[in-house]
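Each remark here refers to the structure printed beneath this line.
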Amino acid sequence: MFHKMWKMKSTPSSLIYGWRAFQDRLPTKDRLSRVGIRLQNSLCCLCNSNEESVEHLLVACNVSSLIWNICDKWFGIQTVHHCTPIEHFLGFCHTGVVGKGFRMRGIVWLTIISLVWKHRNEIIFRNGVCDAVEVFAFTQVKTWAIIKAKFDKVVFSFSEWCIDPLSCIKMSS
Ligand SMILES: [Zn+2]
């Protein structure tokens, strides 16, 4: 599993977030209380209605689900969302693409989870406002920049990437 993730050629920081998500090593509120750290509340700061666990925050939360749904619409692909981060990662990366496309989908997945985690920290530590659309917009910019930098023969423009990412991936695979 980790071998598959490292092959994604994503940024080192997003690979570390992915690795920590798979191992339940992100300091989510449920994990902090398990190790005896007292918190004001255990609620997810994105939805304010469920306990914050890694599965909830990255996959099941209404806000992260909205981001995954917008991403599905962007790609024109339907993926399964109610599962663990590892299952979600595999389902997401394997849907609709083959070969190098698997790695590019992996970059999108790793970028979304690292941006959701950073957004969560922005809300908790800097009084940020929860904004799923902003996270998604940043995902489009960041994934395009990473894929352009990491893969040879990538000729699509940022606007082509925004309009039809699946064709861009197939064209480059
Ligand atoms: Zn939530």
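Each chain in the structure tokens gets a letter, A, B, ..., in the order shown, and its residues are numbered from 1; ligands are numbered from 1 in order too.
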Open item on the list: Can you pull out every residue with an atom within 7 Å of ligand 1? Use only C-alpha atoms and all ligand atoms and format it as a PyMOL selection string.
Closed with: chain A and resi 44-50+52+56-57+61-63
TODO: Show which residues sit within 12 Å of Lys118 (chain A), as a VMD selection string. Count only C-alpha atoms, and ignore same-chain residues fewer than 6 positions away.
DONE: chain A and resid 13 to 14 17 26 46 57 to 58 111 to 112 124 to 126 128 130 135 138
Task: Within 12 Å of Pro27 (chain A) using only C-alpha atoms, minus same-chain residues under 2 positions, as a list of chain:residue names - done: A:Tyr17, A:Arg20, A:Ala21, A:Gln23, A:Asp24, A:Arg25, A:Lys29, A:Asp30, A:Arg31, A:Leu32, A:Ser33, A:Arg34, A:Val35, A:Ile37, A:Glu52, A:Ser53, A:Val54, A:Leu57, A:Trp117, A:Arg120, A:Asn121
- [ ] Record the distance separating CA of Leu110 (chain A) and CA of Glu51 (chain A), expressed in Å with one decimal.
- [x]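 A separation of 22.7 Å between them.
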Task: Between CA of Lys153 (chain A) and CA of Val98 (chain A) - distance in Å to one decimal - done: 16.5 Å
Open item on the list: With only C-alpha atoms as the counted atoms, please give the residues lying no more than 10 Å from Gly91 (chain A), apart from itself and same-chain residues fewer than 4 positions off, as a VMD selection string.
Closed with: chain A and resid 78 to 81 83 85 to 87 95 to 96
For the residues selected in the previous step, produce a file with N, CA and C atoms as a PDB file, in the first residue's frame.
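Result saved to out_5.pdb:
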```
ATOM      1  N   GLN A  78     -17.724   8.525 -10.897  1.00  0.00           N
ATOM      2  CA  GLN A  78     -18.379   8.293  -9.603  1.00  0.00           C
ATOM      3  C   GLN A  78     -17.510   7.383  -8.750  1.00  0.00           C
ATOM      4  N   THR A  79     -17.057   7.847  -7.600  1.00  0.00           N
ATOM      5  CA  THR A  79     -16.278   6.984  -6.703  1.00  0.00           C
ATOM      6  C   THR A  79     -17.073   6.719  -5.425  1.00  0.00           C
ATOM      7  N   VAL A  80     -16.633   5.700  -4.665  1.00  0.00           N
ATOM      8  CA  VAL A  80     -17.326   5.349  -3.421  1.00  0.00           C
ATOM      9  C   VAL A  80     -16.693   6.121  -2.275  1.00  0.00           C
ATOM     10  N   HIS A  81     -17.522   6.728  -1.426  1.00  0.00           N
ATOM     11  CA  HIS A  81     -16.962   7.608  -0.408  1.00  0.00           C
ATOM     12  C   HIS A  81     -17.058   7.110   1.032  1.00  0.00           C
ATOM     13  N   CYS A  83     -15.961   4.825   3.365  1.00  0.00           N
ATOM     14  CA  CYS A  83     -15.013   3.757   3.683  1.00  0.00           C
ATOM     15  C   CYS A  83     -13.792   4.348   4.379  1.00  0.00           C
ATOM     16  N   PRO A  85      -9.766   5.567   4.894  1.00  0.00           N
ATOM     17  CA  PRO A  85      -8.897   6.308   3.974  1.00  0.00           C
ATOM     18  C   PRO A  85      -8.177   5.404   2.961  1.00  0.00           C
ATOM     19  N   ILE A  86      -7.724   4.219   3.394  1.00  0.00           N
ATOM     20  CA  ILE A  86      -7.002   3.331   2.469  1.00  0.00           C
ATOM     21  C   ILE A  86      -7.927   2.846   1.357  1.00  0.00           C
ATOM     22  N   GLU A  87      -9.130   2.395   1.742  1.00  0.00           N
ATOM     23  CA  GLU A  87     -10.094   1.935   0.730  1.00  0.00           C
ATOM     24  C   GLU A  87     -10.484   3.076  -0.202  1.00  0.00           C
ATOM     25  N   THR A  95     -10.288   4.243 -10.262  1.00  0.00           N
ATOM     26  CA  THR A  95     -11.522   4.441 -11.020  1.00  0.00           C
ATOM     27  C   THR A  95     -11.277   5.283 -12.266  1.00  0.00           C
ATOM     28  N   GLY A  96     -11.600   4.690 -13.413  1.00  0.00           N
ATOM     29  CA  GLY A  96     -11.632   5.459 -14.665  1.00  0.00           C
ATOM     30  C   GLY A  96     -10.309   5.642 -15.391  1.00  0.00           C
TER      31      GLY A  96
END
```
DSSP-assigned alpha helix (DSSP H) among region 84-169 of chain A, expressed as a PDB file with C-alpha atoms, in the first residue's frame:
```pdb
ATOM      1  CA  PRO A  85      -8.897   6.308   3.974  1.00  0.00           C
ATOM      2  CA  ILE A  86      -7.002   3.331   2.469  1.00  0.00           C
ATOM      3  CA  GLU A  87     -10.094   1.935   0.730  1.00  0.00           C
ATOM      4  CA  HIS A  88     -11.025   5.405  -0.394  1.00  0.00           C
ATOM      5  CA  PHE A  89      -7.540   6.002  -1.805  1.00  0.00           C
ATOM      6  CA  LEU A  90      -7.563   2.705  -3.755  1.00  0.00           C
ATOM      7  CA  GLY A  91     -11.104   3.187  -5.075  1.00  0.00           C
ATOM      8  CA  PHE A  92     -10.396   6.763  -6.083  1.00  0.00           C
ATOM      9  CA  CYS A  93      -7.079   6.057  -7.846  1.00  0.00           C
ATOM     10  CA  HIS A  94      -8.278   2.973  -9.709  1.00  0.00           C
ATOM     11  CA  LYS A 100       0.282   6.754 -15.390  1.00  0.00           C
ATOM     12  CA  GLY A 101      -3.305   7.930 -14.895  1.00  0.00           C
ATOM     13  CA  PHE A 102      -3.373   5.970 -11.630  1.00  0.00           C
ATOM     14  CA  ARG A 103      -0.472   8.052 -10.343  1.00  0.00           C
ATOM     15  CA  MET A 104      -2.088  11.311 -11.456  1.00  0.00           C
ATOM     16  CA  ARG A 105      -5.352  10.398  -9.703  1.00  0.00           C
ATOM     17  CA  GLY A 106      -3.217   9.563  -6.659  1.00  0.00           C
ATOM     18  CA  ILE A 107      -1.773  13.077  -6.742  1.00  0.00           C
ATOM     19  CA  VAL A 108      -5.317  14.492  -6.765  1.00  0.00           C
ATOM     20  CA  TRP A 109      -6.255  12.295  -3.776  1.00  0.00           C
ATOM     21  CA  LEU A 110      -3.144  13.212  -1.769  1.00  0.00           C
ATOM     22  CA  THR A 111      -3.607  16.897  -2.570  1.00  0.00           C
ATOM     23  CA  ILE A 112      -7.229  16.879  -1.403  1.00  0.00           C
ATOM     24  CA  ILE A 113      -6.494  15.178   1.903  1.00  0.00           C
ATOM     25  CA  SER A 114      -3.508  17.440   2.629  1.00  0.00           C
ATOM     26  CA  LEU A 115      -5.581  20.539   1.788  1.00  0.00           C
ATOM     27  CA  VAL A 116      -8.500  19.331   3.947  1.00  0.00           C
ATOM     28  CA  TRP A 117      -6.067  18.818   6.831  1.00  0.00           C
ATOM     29  CA  LYS A 118      -4.495  22.268   6.332  1.00  0.00           C
ATOM     30  CA  HIS A 119      -7.972  23.834   6.047  1.00  0.00           C
ATOM     31  CA  ARG A 120      -8.970  22.159   9.317  1.00  0.00           C
ATOM     32  CA  ASN A 121      -5.870  23.658  10.987  1.00  0.00           C
ATOM     33  CA  GLU A 122      -6.583  27.071   9.490  1.00  0.00           C
ATOM     34  CA  ILE A 123     -10.075  26.988  11.069  1.00  0.00           C
ATOM     35  CA  ILE A 124      -8.855  25.764  14.467  1.00  0.00           C
ATOM     36  CA  PHE A 125      -5.685  27.816  14.861  1.00  0.00           C
ATOM     37  CA  ARG A 126      -6.315  30.933  12.747  1.00  0.00           C
ATOM     38  CA  ALA A 132     -15.228  23.527   0.559  1.00  0.00           C
ATOM     39  CA  VAL A 133     -15.271  25.379  -2.769  1.00  0.00           C
ATOM     40  CA  GLU A 134     -12.049  27.196  -1.904  1.00  0.00           C
ATOM     41  CA  VAL A 135     -10.357  23.872  -1.010  1.00  0.00           C
ATOM     42  CA  PHE A 136     -11.480  22.416  -4.324  1.00  0.00           C
ATOM     43  CA  ALA A 137     -10.320  25.479  -6.321  1.00  0.00           C
ATOM     44  CA  PHE A 138      -6.912  25.239  -4.665  1.00  0.00           C
ATOM     45  CA  THR A 139      -6.860  21.501  -5.492  1.00  0.00           C
ATOM     46  CA  GLN A 140      -7.204  22.275  -9.205  1.00  0.00           C
ATOM     47  CA  VAL A 141      -4.311  24.758  -9.115  1.00  0.00           C
ATOM     48  CA  LYS A 142      -2.025  22.614  -6.995  1.00  0.00           C
ATOM     49  CA  THR A 143      -2.589  19.313  -8.828  1.00  0.00           C
ATOM     50  CA  TRP A 144      -1.959  20.946 -12.202  1.00  0.00           C
ATOM     51  CA  ALA A 145       1.304  22.474 -10.935  1.00  0.00           C
ATOM     52  CA  ILE A 146       2.485  19.159  -9.422  1.00  0.00           C
ATOM     53  CA  ILE A 147       1.613  17.073 -12.494  1.00  0.00           C
ATOM     54  CA  LYS A 148       3.275  19.583 -14.849  1.00  0.00           C
ATOM     55  CA  ALA A 149       6.426  19.514 -12.737  1.00  0.00           C
ATOM     56  CA  LYS A 150       6.632  15.755 -12.126  1.00  0.00           C
ATOM     57  CA  PHE A 158      -4.404  24.888 -16.721  1.00  0.00           C
ATOM     58  CA  SER A 159      -7.754  25.743 -18.343  1.00  0.00           C
ATOM     59  CA  GLU A 160      -7.829  22.369 -20.158  1.00  0.00           C
ATOM     60  CA  TRP A 161      -7.085  20.683 -16.825  1.00  0.00           C
ATOM     61  CA  CYS A 162      -9.990  22.540 -15.191  1.00  0.00           C
ATOM     62  CA  ILE A 163     -12.417  21.757 -18.022  1.00  0.00           C
ATOM     63  CA  PRO A 165      -9.038  16.486 -16.349  1.00  0.00           C
ATOM     64  CA  LEU A 166      -9.807  12.928 -17.448  1.00  0.00           C
ATOM     65  CA  SER A 167      -8.968  13.666 -21.091  1.00  0.00           C
ATOM     66  CA  CYS A 168      -5.809  15.453 -19.933  1.00  0.00           C
ATOM     67  CA  ILE A 169      -4.770  12.350 -17.968  1.00  0.00           C
TER      68      ILE A 169
END
```
